[in-house]
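S.K.: One structure, pasted below without further comment.
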Amino acid sequence: MTTQTSPARHRIRKLLVANRGEIAERIIRSARALDIATVAVHSEPDADALFVEAADEAVLLPGAASADTYLRADRIVDAALATGADAIHPGYGFLSENAEFARRCDEAGLVFIGPPVEAIEAMGSKIAAKELMAKAGVPVLPGATIDDADEVDTAAVTAMAEDIGYPLLVKAAFGGGGRGMRIVRDATEVVDAVVGARREAASAFGNGTVFLERFVENPRHVEVQIFGDTHGRVVHLFERECSIQRRYQKIIEEAPSPAVDEALRARLGEAAVAAGAAIGYTGAGTVEFVMAPTGEFFFLEVNTRLQVEHPVTEEITGLDLVALQIQVAEGEPLPAEALNPTISGHAVEARLYAEDPVADYLPGSGTLHRFRIPDLPGVRVDTGVRDGSVVGTNYDPMLAKVIAHGRTRTDAVRRLARALADARIHGLVTNRDLLVAILREPEFVAGATDTGYLTRHPPATLVGTPGKDVIAVHALAAALASQAARRAGAPVQRAVPSGWRNVVSSPQRAEYRIGETEVDVAYRITRNGLAAEVDGTPVSGLALLEARPDLVDLRVDGVRRRVHVHAVNDAVYCDSVLGGTTLTERPRLPEPGSGAAPGSLLAPMPGTVVRVVAEPGQRVEAGAVIVVFEAMKMEHSVRAPVTGTVSELSVHLGQTVEAGEIVAVIAEEETR
C-alpha cells in the first residue's frame with residue numbers, strides 16, 4: 001500500500017484547466033464558485049469555444065491535433081507558469097491518467113488535481129493493477145499478457161487462450177475507451193484479434209501490450225465512485241450502472257444501478273474502498289467491475305480521474321465532485337456529507353454524440369447550425385457547444401451530456417426521454433433518436449440491461465425510418481416555409497402567395513431527399529385554400545393555418561401539426577411532435593457531369609489511412625474490407641458494396657483523406 005504524509009492546507013488561487021469542451025467548462029464553473037481564477041488552454045480550432053469564453057484567461061496551444069496541443073505536457077505546464085496558475089486540473093482523457101504529466105506538475109511546483117503519481121502508475125498497467133487488486137482481496141478474472149515487444153506466436157497465443165477459456169476478451173493494457181478491444185469466441189479468431197488489438201492500442205496509446213481475459217457473458221458494467229483525502233480516508237459514493245454501450249464505450253449511465261440491492265451495494269463499496277486503500281488513493285476515482293447475472297462481480301480497472309458520467313453521482317448525492325477534488329487537493333479533509341453520503345432519487349445520463357448509429361456509429365463533423373435542448377425541471381445539460389460551433393475530426397464527437405434526476409428511476413428516464421425528443425439539433429447527424437428509443441424501450445424501462453443490449457436491439461431496429469405520414473407532413477411544411485421565405489423577400493406584393501394565379505395553372509413543386517428516399521411535393525394555394533400531393537398521393541383533410549419561413553401550422557385529417565422549420569443552404573430541418581427530419585432540397589438545375597463513377601468507394605469523413613487491405617486487380621467479395629482509416633480516435637472500415645474487382649486504389653498507408661474523397665473503385669461482376 002502506498003503511504004503519504006498529509007500536506008499542509010493551502011488555498012488554490014488560480015487553476016489551469018488542461019482539457020477542452022464540456023468538461024473544461026464544467027471545471028471552470030465549480031472553480032468560480034470557489035472564488036478560484038481560471039485559465040483555459042486551447043487549440044486553434046477551439047479558439048471561440050464556450051470553455052475559452054468561460055475562463056478568466058486563455059492560452060493558445062498552436063496546432064489542431066491532440067498530439068500538438070492537449071497532449072503536450074510541456075506546453076501546458078509552461079502556460080500554467082506563465083499565467084501564475086498554482087494548480088492544474090486535467091479533466092478526463094488526454095493527460096488525466098498520465099503519470100509523467102502529474103510528475104511534471106509536481107516538479108514545477110504546481111498542484112495536480114488528481115491522485116499521487118504512484119497511484120496513477122500502479123493503475124496505468126491493467127496487468128499490474130489486476131495483480132495488485134488480487135493481493136488486496138478484490139475479485140479478479142483469470143487472464144494472461146502479451147507484451148508489446150513479444151512476437152505473436154500462433155501456437156503460444158492459442159494455448160494461452162485455451163488455458164483462460166472461451167469466450168475471452170483481448171484488451172489494451174494501457175488506455176481505455178474501448179480502443180484495442182476484441183471479443184474472441186473460438187481459436188480461429190484469437191490470433192487475428194490479438195494482432196488487430198495490438199495495432200490499435202499502439203496507435204492510440206503508444207504501447208501495443210494487450211492482455212487476454214475471461215469474458216463474462218451478458219454482464220452488467222457497474223462502477224463505484226471512490227474518494228480519498230490526504231488524511232488517510234477513502235470512501236465510496238455508491239455505484240453507477242454503465243451497461244448501455246456501443247463499441248465498448250458508454251452512452252447511457254445511471255445511478256444507482258437498478259440491479260444492485262443494499263447487500264450487494266455494501267459488497268461493491270467494500271471492494272472499491274479496498275482497491276483505493278491499496279494504492280493510497282486521494283481525490284476522485286472510479287473502480288470498475290463486470291457483474292455476472294448471478295450478482296458475482298470482478299475487477300476491471302481503476303480510472304484515476306473524474307469520469308464522464310460523474311454527474312449522475314452528483315445528482316443523487318447532492319455533492320459537487322469537482323469542488324471536492326479541488327478541496328482535497330488543497331489539503332482539506334473530506335466533509336461530513338461525503339463521509340456519510342445518502343442516495344436521493346435516481347439520475348440517468350445520456351451522451352449525445354455527432355455520429356450515425358445506423359452507419360456503424362460513424363462519427364460526423366461540420367457546423368452545428370442549431371443546438372437547443374429544452375429547459376425542463378430536473379434536467380441538466382453539460383455541453384461545450386452552441387449554435388454555430390464547428391465539430392472537427394481531431395477530438396471526440398461528444399456534443400453534450402444530458403442528465404435527468406427524478407424521485408424514481410421511472411421519473412428520471414421519462415424526463416430524459418422528453419428532453420432529448422424535444423431537442424433541436426441541426427447540421428450534424430447525431431445519436432439523439434437512438435437515445436430516445438432506448439429510453440422508451442420496454443427492456444430498458446424494466447431495468448433489464450447488460451452490455452449486450454445494443455446487440456439484441458440493433459440501432460436500425462430501435463430507430464427505424466420515418467413513416468410516410470411523417471415524411472408527407474414535414475416535406476409539405478418545408479415546401480410551404482420555402483414559399484413563405486420567398487414571399488417575405490419579394491420586392492412587391494409580399495402578401496400574395498407565391499405561385500398564385502387568377503386562372504388556375506400547374507401546381508408549384510419542390511423535390512427533397514430524406515436519406516436515400518426521394519420526395520416530390522406538389523401544392524397549390526388558391527382562394528379556396530391549400531391543396532397538396534406528396535409523391536402523387538393527395539394530402540387529405542388539409543388546411544393551412546399559418547406559413548412562415550420558420551413555422552408552418554397545418555391541419556391534416558383533422559389533426560393540427562405545428563412544424564418548426566430551419567433552412568440552411570439546401571438543408572431543411574423540420575421538428576414537430578412527429579420527430580425531427582432532415583431534408584435536402586434537390587437543385588432544379590443540377591451540375592452536368594456531377595457525381596462519382598459507378599463502383600466508387602468514398603471516405604465517409606476526414607481521416608488517416610492506417611491499413612490498405614486490398615490491391616489493384618484483386619477480386620473481393622461484397623462486404624470485404626478495402627481500406628481502414630482512423631478518425632476521432634476510432635478505426636473505420638471502408639468495405640466493398642458488391643462482389644467484383646478492385647479496378648482502382650487511390651490511397652496509401654498514412655495518407656490523410658477528406659470526406660467524399662474516392663479511396664477505391666470496385667468493378668462489379670456481371671451476373672448470368
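Lettering and numbering for the C-alpha cells are positional, with chains as A, B, ... in the shown order, residues counted from 1 in each chain, and ligands counted from 1 in the shown order.
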Need to verify the contact set: Gly232 in chain A, 8 Å, only C-alpha atoms, exclusion of same-chain residues closer than 3 positions in sequence. Can you return it as a PyMOL selection string?

M.R.: chain A and resi 228-229+280

S.K.: Taking the backbone alone, and naming residues the way the document does, which bits of range 397-606 of chain A are strand (DSSP E) by DSSP, as a PDB file with N, CA and C atoms, in the first residue's frame?

M.R.:
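Below is the file result07.pdb, written as the result:
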```pdb
ATOM      1  N   MET A 398     -18.413  13.841 -28.923  1.00  0.00           N
ATOM      2  CA  MET A 398     -19.500  14.065 -27.980  1.00  0.00           C
ATOM      3  C   MET A 398     -19.883  15.542 -27.965  1.00  0.00           C
ATOM      4  N   LEU A 399     -21.177  15.809 -28.131  1.00  0.00           N
ATOM      5  CA  LEU A 399     -21.693  17.178 -28.127  1.00  0.00           C
ATOM      6  C   LEU A 399     -22.117  17.620 -26.735  1.00  0.00           C
ATOM      7  N   ALA A 400     -22.713  16.721 -25.977  1.00  0.00           N
ATOM      8  CA  ALA A 400     -23.240  17.096 -24.670  1.00  0.00           C
ATOM      9  C   ALA A 400     -23.565  15.858 -23.862  1.00  0.00           C
ATOM     10  N   LYS A 401     -23.709  16.076 -22.564  1.00  0.00           N
ATOM     11  CA  LYS A 401     -24.274  15.085 -21.658  1.00  0.00           C
ATOM     12  C   LYS A 401     -25.577  15.677 -21.145  1.00  0.00           C
ATOM     13  N   VAL A 402     -26.658  14.931 -21.305  1.00  0.00           N
ATOM     14  CA  VAL A 402     -27.960  15.377 -20.828  1.00  0.00           C
ATOM     15  C   VAL A 402     -28.338  14.477 -19.651  1.00  0.00           C
ATOM     16  N   ILE A 403     -28.595  15.097 -18.507  1.00  0.00           N
ATOM     17  CA  ILE A 403     -28.802  14.352 -17.266  1.00  0.00           C
ATOM     18  C   ILE A 403     -30.169  14.702 -16.687  1.00  0.00           C
ATOM     19  N   ALA A 404     -30.907  13.692 -16.299  1.00  0.00           N
ATOM     20  CA  ALA A 404     -32.209  13.915 -15.665  1.00  0.00           C
ATOM     21  C   ALA A 404     -32.217  13.275 -14.291  1.00  0.00           C
ATOM     22  N   HIS A 405     -32.794  13.988 -13.316  1.00  0.00           N
ATOM     23  CA  HIS A 405     -32.920  13.474 -11.955  1.00  0.00           C
ATOM     24  C   HIS A 405     -34.395  13.437 -11.585  1.00  0.00           C
ATOM     25  N   GLY A 406     -34.804  12.368 -10.934  1.00  0.00           N
ATOM     26  CA  GLY A 406     -36.197  12.248 -10.519  1.00  0.00           C
ATOM     27  C   GLY A 406     -36.323  11.516  -9.205  1.00  0.00           C
ATOM     28  N   ARG A 424     -33.618  20.324 -30.551  1.00  0.00           N
ATOM     29  CA  ARG A 424     -33.430  20.682 -31.953  1.00  0.00           C
ATOM     30  C   ARG A 424     -31.930  20.759 -32.219  1.00  0.00           C
ATOM     31  N   ILE A 425     -31.455  19.794 -32.967  1.00  0.00           N
ATOM     32  CA  ILE A 425     -30.022  19.672 -33.239  1.00  0.00           C
ATOM     33  C   ILE A 425     -29.859  19.594 -34.750  1.00  0.00           C
ATOM     34  N   HIS A 426     -29.363  20.654 -35.342  1.00  0.00           N
ATOM     35  CA  HIS A 426     -29.306  20.754 -36.794  1.00  0.00           C
ATOM     36  C   HIS A 426     -27.872  20.904 -37.294  1.00  0.00           C
ATOM     37  N   GLN A 508     -47.221  24.353 -57.842  1.00  0.00           N
ATOM     38  CA  GLN A 508     -45.798  24.549 -57.551  1.00  0.00           C
ATOM     39  C   GLN A 508     -45.227  23.215 -57.067  1.00  0.00           C
ATOM     40  N   ARG A 509     -43.941  23.019 -57.299  1.00  0.00           N
ATOM     41  CA  ARG A 509     -43.327  21.740 -56.960  1.00  0.00           C
ATOM     42  C   ARG A 509     -42.025  21.975 -56.200  1.00  0.00           C
ATOM     43  N   ALA A 510     -41.714  21.028 -55.369  1.00  0.00           N
ATOM     44  CA  ALA A 510     -40.436  21.015 -54.659  1.00  0.00           C
ATOM     45  C   ALA A 510     -40.000  19.559 -54.529  1.00  0.00           C
ATOM     46  N   GLU A 511     -38.714  19.313 -54.681  1.00  0.00           N
ATOM     47  CA  GLU A 511     -38.184  17.950 -54.577  1.00  0.00           C
ATOM     48  C   GLU A 511     -37.147  17.904 -53.464  1.00  0.00           C
ATOM     49  N   TYR A 512     -37.260  16.866 -52.636  1.00  0.00           N
ATOM     50  CA  TYR A 512     -36.358  16.712 -51.498  1.00  0.00           C
ATOM     51  C   TYR A 512     -35.802  15.284 -51.472  1.00  0.00           C
ATOM     52  N   ARG A 513     -34.762  15.139 -50.689  1.00  0.00           N
ATOM     53  CA  ARG A 513     -34.211  13.813 -50.418  1.00  0.00           C
ATOM     54  C   ARG A 513     -34.115  13.655 -48.905  1.00  0.00           C
ATOM     55  N   ILE A 514     -34.627  12.548 -48.397  1.00  0.00           N
ATOM     56  CA  ILE A 514     -34.500  12.196 -46.987  1.00  0.00           C
ATOM     57  C   ILE A 514     -33.716  10.894 -46.944  1.00  0.00           C
ATOM     58  N   THR A 517     -34.212   8.389 -49.808  1.00  0.00           N
ATOM     59  CA  THR A 517     -35.581   8.474 -50.326  1.00  0.00           C
ATOM     60  C   THR A 517     -35.825   9.811 -51.016  1.00  0.00           C
ATOM     61  N   GLU A 518     -36.354   9.749 -52.228  1.00  0.00           N
ATOM     62  CA  GLU A 518     -36.713  10.960 -52.968  1.00  0.00           C
ATOM     63  C   GLU A 518     -38.179  11.289 -52.672  1.00  0.00           C
ATOM     64  N   VAL A 519     -38.463  12.568 -52.434  1.00  0.00           N
ATOM     65  CA  VAL A 519     -39.815  13.010 -52.097  1.00  0.00           C
ATOM     66  C   VAL A 519     -40.195  14.174 -53.009  1.00  0.00           C
ATOM     67  N   ASP A 520     -41.359  14.043 -53.667  1.00  0.00           N
ATOM     68  CA  ASP A 520     -41.846  15.086 -54.570  1.00  0.00           C
ATOM     69  C   ASP A 520     -43.100  15.721 -53.959  1.00  0.00           C
ATOM     70  N   VAL A 521     -43.074  17.043 -53.820  1.00  0.00           N
ATOM     71  CA  VAL A 521     -44.197  17.777 -53.254  1.00  0.00           C
ATOM     72  C   VAL A 521     -44.802  18.679 -54.328  1.00  0.00           C
ATOM     73  N   ALA A 522     -46.096  18.589 -54.485  1.00  0.00           N
ATOM     74  CA  ALA A 522     -46.827  19.481 -55.395  1.00  0.00           C
ATOM     75  C   ALA A 522     -47.929  20.154 -54.592  1.00  0.00           C
ATOM     76  N   TYR A 523     -48.013  21.488 -54.671  1.00  0.00           N
ATOM     77  CA  TYR A 523     -49.026  22.189 -53.886  1.00  0.00           C
ATOM     78  C   TYR A 523     -49.527  23.412 -54.647  1.00  0.00           C
ATOM     79  N   ARG A 524     -50.731  23.800 -54.286  1.00  0.00           N
ATOM     80  CA  ARG A 524     -51.339  24.981 -54.897  1.00  0.00           C
ATOM     81  C   ARG A 524     -52.113  25.725 -53.814  1.00  0.00           C
ATOM     82  N   ILE A 525     -51.865  27.038 -53.703  1.00  0.00           N
ATOM     83  CA  ILE A 525     -52.592  27.877 -52.759  1.00  0.00           C
ATOM     84  C   ILE A 525     -53.562  28.743 -53.555  1.00  0.00           C
ATOM     85  N   THR A 526     -54.858  28.549 -53.319  1.00  0.00           N
ATOM     86  CA  THR A 526     -55.888  29.293 -54.037  1.00  0.00           C
ATOM     87  C   THR A 526     -56.798  29.993 -53.037  1.00  0.00           C
ATOM     88  N   GLY A 529     -58.178  27.730 -50.491  1.00  0.00           N
ATOM     89  CA  GLY A 529     -57.302  27.112 -49.505  1.00  0.00           C
ATOM     90  C   GLY A 529     -56.132  26.386 -50.148  1.00  0.00           C
ATOM     91  N   LEU A 530     -55.582  25.416 -49.427  1.00  0.00           N
ATOM     92  CA  LEU A 530     -54.389  24.683 -49.840  1.00  0.00           C
ATOM     93  C   LEU A 530     -54.760  23.286 -50.328  1.00  0.00           C
ATOM     94  N   ALA A 531     -54.191  22.908 -51.470  1.00  0.00           N
ATOM     95  CA  ALA A 531     -54.295  21.535 -51.976  1.00  0.00           C
ATOM     96  C   ALA A 531     -52.883  21.041 -52.228  1.00  0.00           C
ATOM     97  N   ALA A 532     -52.599  19.787 -51.852  1.00  0.00           N
ATOM     98  CA  ALA A 532     -51.230  19.293 -51.994  1.00  0.00           C
ATOM     99  C   ALA A 532     -51.204  17.798 -52.226  1.00  0.00           C
ATOM    100  N   GLU A 533     -50.132  17.367 -52.894  1.00  0.00           N
ATOM    101  CA  GLU A 533     -49.833  15.951 -53.091  1.00  0.00           C
ATOM    102  C   GLU A 533     -48.382  15.712 -52.701  1.00  0.00           C
ATOM    103  N   VAL A 534     -48.111  14.568 -52.097  1.00  0.00           N
ATOM    104  CA  VAL A 534     -46.747  14.148 -51.802  1.00  0.00           C
ATOM    105  C   VAL A 534     -46.530  12.805 -52.477  1.00  0.00           C
ATOM    106  N   THR A 537     -49.667  11.308 -54.034  1.00  0.00           N
ATOM    107  CA  THR A 537     -50.802  10.978 -53.186  1.00  0.00           C
ATOM    108  C   THR A 537     -51.356  12.251 -52.558  1.00  0.00           C
ATOM    109  N   PRO A 538     -52.651  12.548 -52.761  1.00  0.00           N
ATOM    110  CA  PRO A 538     -53.232  13.756 -52.181  1.00  0.00           C
ATOM    111  C   PRO A 538     -53.181  13.718 -50.656  1.00  0.00           C
ATOM    112  N   ALA A 543     -55.648  21.869 -44.232  1.00  0.00           N
ATOM    113  CA  ALA A 543     -55.931  23.296 -44.059  1.00  0.00           C
ATOM    114  C   ALA A 543     -54.653  23.979 -43.599  1.00  0.00           C
ATOM    115  N   LEU A 544     -54.314  25.090 -44.223  1.00  0.00           N
ATOM    116  CA  LEU A 544     -53.129  25.857 -43.859  1.00  0.00           C
ATOM    117  C   LEU A 544     -53.549  26.988 -42.931  1.00  0.00           C
ATOM    118  N   LEU A 545     -53.085  26.943 -41.684  1.00  0.00           N
ATOM    119  CA  LEU A 545     -53.431  27.960 -40.700  1.00  0.00           C
ATOM    120  C   LEU A 545     -52.414  29.095 -40.683  1.00  0.00           C
ATOM    121  N   GLU A 546     -51.144  28.767 -40.917  1.00  0.00           N
ATOM    122  CA  GLU A 546     -50.097  29.784 -40.954  1.00  0.00           C
ATOM    123  C   GLU A 546     -48.867  29.201 -41.627  1.00  0.00           C
ATOM    124  N   ALA A 547     -48.197  30.043 -42.403  1.00  0.00           N
ATOM    125  CA  ALA A 547     -46.943  29.616 -43.025  1.00  0.00           C
ATOM    126  C   ALA A 547     -45.940  30.754 -42.927  1.00  0.00           C
ATOM    127  N   LEU A 551     -41.954  28.544 -39.327  1.00  0.00           N
ATOM    128  CA  LEU A 551     -43.029  27.785 -38.698  1.00  0.00           C
ATOM    129  C   LEU A 551     -44.181  27.593 -39.676  1.00  0.00           C
ATOM    130  N   VAL A 552     -44.639  26.348 -39.772  1.00  0.00           N
ATOM    131  CA  VAL A 552     -45.817  26.042 -40.593  1.00  0.00           C
ATOM    132  C   VAL A 552     -46.841  25.366 -39.691  1.00  0.00           C
ATOM    133  N   ASP A 553     -48.056  25.930 -39.676  1.00  0.00           N
ATOM    134  CA  ASP A 553     -49.145  25.424 -38.851  1.00  0.00           C
ATOM    135  C   ASP A 553     -50.190  24.818 -39.785  1.00  0.00           C
ATOM    136  N   LEU A 554     -50.327  23.485 -39.737  1.00  0.00           N
ATOM    137  CA  LEU A 554     -51.188  22.750 -40.658  1.00  0.00           C
ATOM    138  C   LEU A 554     -52.252  21.955 -39.905  1.00  0.00           C
ATOM    139  N   ARG A 555     -53.343  21.720 -40.589  1.00  0.00           N
ATOM    140  CA  ARG A 555     -54.295  20.726 -40.099  1.00  0.00           C
ATOM    141  C   ARG A 555     -54.366  19.624 -41.155  1.00  0.00           C
ATOM    142  N   VAL A 556     -54.064  18.403 -40.744  1.00  0.00           N
ATOM    143  CA  VAL A 556     -54.064  17.257 -41.660  1.00  0.00           C
ATOM    144  C   VAL A 556     -54.992  16.197 -41.078  1.00  0.00           C
ATOM    145  N   VAL A 559     -56.154  16.822 -37.600  1.00  0.00           N
ATOM    146  CA  VAL A 559     -55.155  16.948 -36.534  1.00  0.00           C
ATOM    147  C   VAL A 559     -54.243  18.133 -36.846  1.00  0.00           C
ATOM    148  N   ARG A 560     -54.100  19.022 -35.884  1.00  0.00           N
ATOM    149  CA  ARG A 560     -53.258  20.193 -36.080  1.00  0.00           C
ATOM    150  C   ARG A 560     -51.802  19.843 -35.817  1.00  0.00           C
ATOM    151  N   ARG A 561     -50.930  20.217 -36.746  1.00  0.00           N
ATOM    152  CA  ARG A 561     -49.498  19.958 -36.632  1.00  0.00           C
ATOM    153  C   ARG A 561     -48.744  21.277 -36.773  1.00  0.00           C
ATOM    154  N   ARG A 562     -47.941  21.587 -35.780  1.00  0.00           N
ATOM    155  CA  ARG A 562     -47.062  22.756 -35.862  1.00  0.00           C
ATOM    156  C   ARG A 562     -45.651  22.260 -36.133  1.00  0.00           C
ATOM    157  N   VAL A 563     -45.100  22.653 -37.269  1.00  0.00           N
ATOM    158  CA  VAL A 563     -43.783  22.190 -37.690  1.00  0.00           C
ATOM    159  C   VAL A 563     -42.816  23.374 -37.683  1.00  0.00           C
ATOM    160  N   HIS A 564     -41.774  23.254 -36.883  1.00  0.00           N
ATOM    161  CA  HIS A 564     -40.728  24.276 -36.862  1.00  0.00           C
ATOM    162  C   HIS A 564     -39.736  23.964 -37.978  1.00  0.00           C
ATOM    163  N   VAL A 565     -39.427  24.971 -38.779  1.00  0.00           N
ATOM    164  CA  VAL A 565     -38.604  24.775 -39.976  1.00  0.00           C
ATOM    165  C   VAL A 565     -37.371  25.667 -39.887  1.00  0.00           C
ATOM    166  N   HIS A 566     -36.219  25.082 -40.195  1.00  0.00           N
ATOM    167  CA  HIS A 566     -34.950  25.818 -40.181  1.00  0.00           C
ATOM    168  C   HIS A 566     -34.186  25.434 -41.443  1.00  0.00           C
ATOM    169  N   ALA A 567     -34.038  26.386 -42.359  1.00  0.00           N
ATOM    170  CA  ALA A 567     -33.364  26.127 -43.631  1.00  0.00           C
ATOM    171  C   ALA A 567     -31.955  26.707 -43.608  1.00  0.00           C
ATOM    172  N   VAL A 568     -30.989  25.892 -43.992  1.00  0.00           N
ATOM    173  CA  VAL A 568     -29.595  26.332 -44.115  1.00  0.00           C
ATOM    174  C   VAL A 568     -29.085  25.820 -45.446  1.00  0.00           C
ATOM    175  N   ALA A 571     -30.241  22.443 -47.046  1.00  0.00           N
ATOM    176  CA  ALA A 571     -30.738  21.567 -45.989  1.00  0.00           C
ATOM    177  C   ALA A 571     -31.920  22.226 -45.292  1.00  0.00           C
ATOM    178  N   VAL A 572     -32.960  21.436 -45.041  1.00  0.00           N
ATOM    179  CA  VAL A 572     -34.139  21.929 -44.337  1.00  0.00           C
ATOM    180  C   VAL A 572     -34.397  20.998 -43.151  1.00  0.00           C
ATOM    181  N   TYR A 573     -34.424  21.582 -41.945  1.00  0.00           N
ATOM    182  CA  TYR A 573     -34.620  20.810 -40.724  1.00  0.00           C
ATOM    183  C   TYR A 573     -36.034  21.065 -40.213  1.00  0.00           C
ATOM    184  N   CYS A 574     -36.802  19.975 -40.067  1.00  0.00           N
ATOM    185  CA  CYS A 574     -38.189  20.075 -39.616  1.00  0.00           C
ATOM    186  C   CYS A 574     -38.340  19.341 -38.286  1.00  0.00           C
ATOM    187  N   ASP A 575     -38.903  20.038 -37.297  1.00  0.00           N
ATOM    188  CA  ASP A 575     -39.123  19.460 -35.976  1.00  0.00           C
ATOM    189  C   ASP A 575     -40.582  19.637 -35.587  1.00  0.00           C
ATOM    190  N   SER A 576     -41.191  18.553 -35.148  1.00  0.00           N
ATOM    191  CA  SER A 576     -42.569  18.598 -34.665  1.00  0.00           C
ATOM    192  C   SER A 576     -42.744  17.474 -33.664  1.00  0.00           C
ATOM    193  N   GLY A 579     -41.345  14.162 -34.574  1.00  0.00           N
ATOM    194  CA  GLY A 579     -39.911  13.910 -34.551  1.00  0.00           C
ATOM    195  C   GLY A 579     -39.158  14.944 -35.363  1.00  0.00           C
ATOM    196  N   GLY A 580     -37.895  14.669 -35.576  1.00  0.00           N
ATOM    197  CA  GLY A 580     -37.056  15.565 -36.363  1.00  0.00           C
ATOM    198  C   GLY A 580     -36.688  14.928 -37.682  1.00  0.00           C
ATOM    199  N   THR A 581     -36.740  15.713 -38.751  1.00  0.00           N
ATOM    200  CA  THR A 581     -36.423  15.219 -40.095  1.00  0.00           C
ATOM    201  C   THR A 581     -35.497  16.204 -40.786  1.00  0.00           C
ATOM    202  N   THR A 582     -34.476  15.670 -41.435  1.00  0.00           N
ATOM    203  CA  THR A 582     -33.580  16.492 -42.235  1.00  0.00           C
ATOM    204  C   THR A 582     -33.835  16.203 -43.703  1.00  0.00           C
ATOM    205  N   LEU A 583     -34.202  17.235 -44.434  1.00  0.00           N
ATOM    206  CA  LEU A 583     -34.467  17.106 -45.864  1.00  0.00           C
ATOM    207  C   LEU A 583     -33.403  17.888 -46.627  1.00  0.00           C
ATOM    208  N   THR A 584     -33.027  17.362 -47.759  1.00  0.00           N
ATOM    209  CA  THR A 584     -32.109  18.073 -48.646  1.00  0.00           C
ATOM    210  C   THR A 584     -32.858  18.449 -49.911  1.00  0.00           C
ATOM    211  N   GLU A 585     -32.934  19.738 -50.180  1.00  0.00           N
ATOM    212  CA  GLU A 585     -33.653  20.191 -51.361  1.00  0.00           C
ATOM    213  C   GLU A 585     -32.835  19.900 -52.609  1.00  0.00           C
ATOM    214  N   SER A 600     -17.530   3.570 -57.103  1.00  0.00           N
ATOM    215  CA  SER A 600     -16.574   4.338 -56.309  1.00  0.00           C
ATOM    216  C   SER A 600     -16.864   4.191 -54.819  1.00  0.00           C
ATOM    217  N   LEU A 601     -15.826   3.973 -54.024  1.00  0.00           N
ATOM    218  CA  LEU A 601     -15.932   3.948 -52.573  1.00  0.00           C
ATOM    219  C   LEU A 601     -15.412   5.273 -52.049  1.00  0.00           C
ATOM    220  N   LEU A 602     -16.229   5.965 -51.283  1.00  0.00           N
ATOM    221  CA  LEU A 602     -15.879   7.296 -50.810  1.00  0.00           C
ATOM    222  C   LEU A 602     -15.568   7.282 -49.322  1.00  0.00           C
TER     223      LEU A 602
END
```

S.K.: Looking at A:Ala159, A:Ala128, A:Ala80, A:Val665, which one is nearest to Cys105 in chain A, with distances taken over only C-alpha atoms?

M.R.: A:Ala80

S.K.: Hey, what's within 10 Å of Ala640 in chain A if we count only C-alpha atoms and toss same-chain stuff fewer than 6 positions away? As a PyMOL selection string, please?

M.R.: chain A and resi 599-601+620-627+646+664-666+668

S.K.: Which residues come within 10 Å of Gly91 in chain A, counting only C-alpha atoms, excluding same-chain residues fewer than 3 positions away, as an NGL selection string?

M.R.: :A and (17-20 or 22-24 or 26-27 or 88 or 94-97 or 113-114 or 305-308 or 322)

S.K.: Filtering to N, CA and C atoms, could you give me those residues as a compact mmCIF listing (two decimals), in the first residue's frame?

M.R.:
```
# COMPACT_ATOMS: atom_id res chain seq x y z
N VAL A 17 -7.03 24.69 -16.53
CA VAL A 17 -7.79 23.50 -16.92
C VAL A 17 -7.14 22.92 -18.18
N ALA A 18 -6.54 21.75 -18.05
CA ALA A 18 -5.82 21.13 -19.16
C ALA A 18 -6.75 20.20 -19.93
N ASN A 19 -7.82 20.77 -20.46
CA ASN A 19 -8.79 19.98 -21.21
C ASN A 19 -9.63 20.92 -22.06
N ARG A 20 -10.67 20.39 -22.68
CA ARG A 20 -11.48 21.17 -23.60
C ARG A 20 -12.96 20.77 -23.46
N GLU A 22 -16.98 20.26 -22.90
CA GLU A 22 -17.91 20.37 -21.77
C GLU A 22 -17.23 20.16 -20.42
N ILE A 23 -16.22 19.30 -20.34
CA ILE A 23 -15.60 19.06 -19.04
C ILE A 23 -14.78 20.26 -18.61
N ALA A 24 -14.15 20.96 -19.55
CA ALA A 24 -13.41 22.18 -19.20
C ALA A 24 -14.36 23.24 -18.67
N ARG A 26 -17.23 22.70 -17.34
CA ARG A 26 -17.75 22.18 -16.06
C ARG A 26 -16.78 22.48 -14.92
N ILE A 27 -15.50 22.26 -15.12
CA ILE A 27 -14.50 22.51 -14.08
C ILE A 27 -14.42 24.00 -13.77
N ILE A 88 -3.30 22.58 -11.64
CA ILE A 88 -3.79 22.13 -12.95
C ILE A 88 -4.81 21.03 -12.73
N PHE A 94 -7.13 12.74 -22.49
CA PHE A 94 -5.88 13.47 -22.69
C PHE A 94 -4.83 13.05 -21.65
N LEU A 95 -4.39 13.99 -20.78
CA LEU A 95 -3.29 13.71 -19.85
C LEU A 95 -3.76 13.36 -18.44
N SER A 96 -5.05 13.09 -18.28
CA SER A 96 -5.61 12.92 -16.94
C SER A 96 -5.05 11.71 -16.20
N GLU A 97 -4.64 10.67 -16.91
CA GLU A 97 -4.09 9.48 -16.27
C GLU A 97 -2.64 9.26 -16.68
N ILE A 113 -4.48 18.23 -9.76
CA ILE A 113 -5.78 17.85 -9.18
C ILE A 113 -6.06 16.41 -9.57
N GLY A 114 -5.56 15.50 -8.77
CA GLY A 114 -5.69 14.08 -9.04
C GLY A 114 -4.94 13.29 -8.00
N ARG A 305 -9.16 9.24 -12.22
CA ARG A 305 -9.58 10.57 -12.68
C ARG A 305 -11.07 10.71 -12.46
N LEU A 306 -11.58 11.87 -12.84
CA LEU A 306 -13.02 12.09 -12.89
C LEU A 306 -13.58 11.34 -14.08
N GLN A 307 -14.78 10.78 -13.94
CA GLN A 307 -15.41 10.06 -15.05
C GLN A 307 -16.36 10.98 -15.83
N VAL A 308 -16.57 10.65 -17.10
CA VAL A 308 -17.53 11.38 -17.91
C VAL A 308 -18.90 11.39 -17.21
N VAL A 322 -16.29 17.97 -8.52
CA VAL A 322 -15.15 18.79 -8.94
C VAL A 322 -14.70 19.68 -7.78
```

S.K.: Fewer than 2 positions away in the same chain doesn't count, so skip those; otherwise give me all residues within 7 Å of Val184 in chain A, counting only C-alpha atoms, as a list in words.

M.R.: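 Contacts, in chain order: Pro167, Leu168, Leu169, Arg182, Asp186, Glu189 and Val190 of chain A.
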
S.K.: Skipping near chain neighbours, those fewer than 5 positions away, what residues fall within 12 Å of range 414-423 of chain A using only C-alpha atoms, listed as number ranges by chain?

M.R.: A: 252-254, 346-352, 370-381, 400-409, 430-441, 444-445, 564, 574-580

S.K.: In Å, with one decimal, what is the gap from CA of Thr645 in chain A to CA of Arg619 in chain A?

M.R.: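 Rounded to one decimal, the two atoms are 4.3 Å apart.
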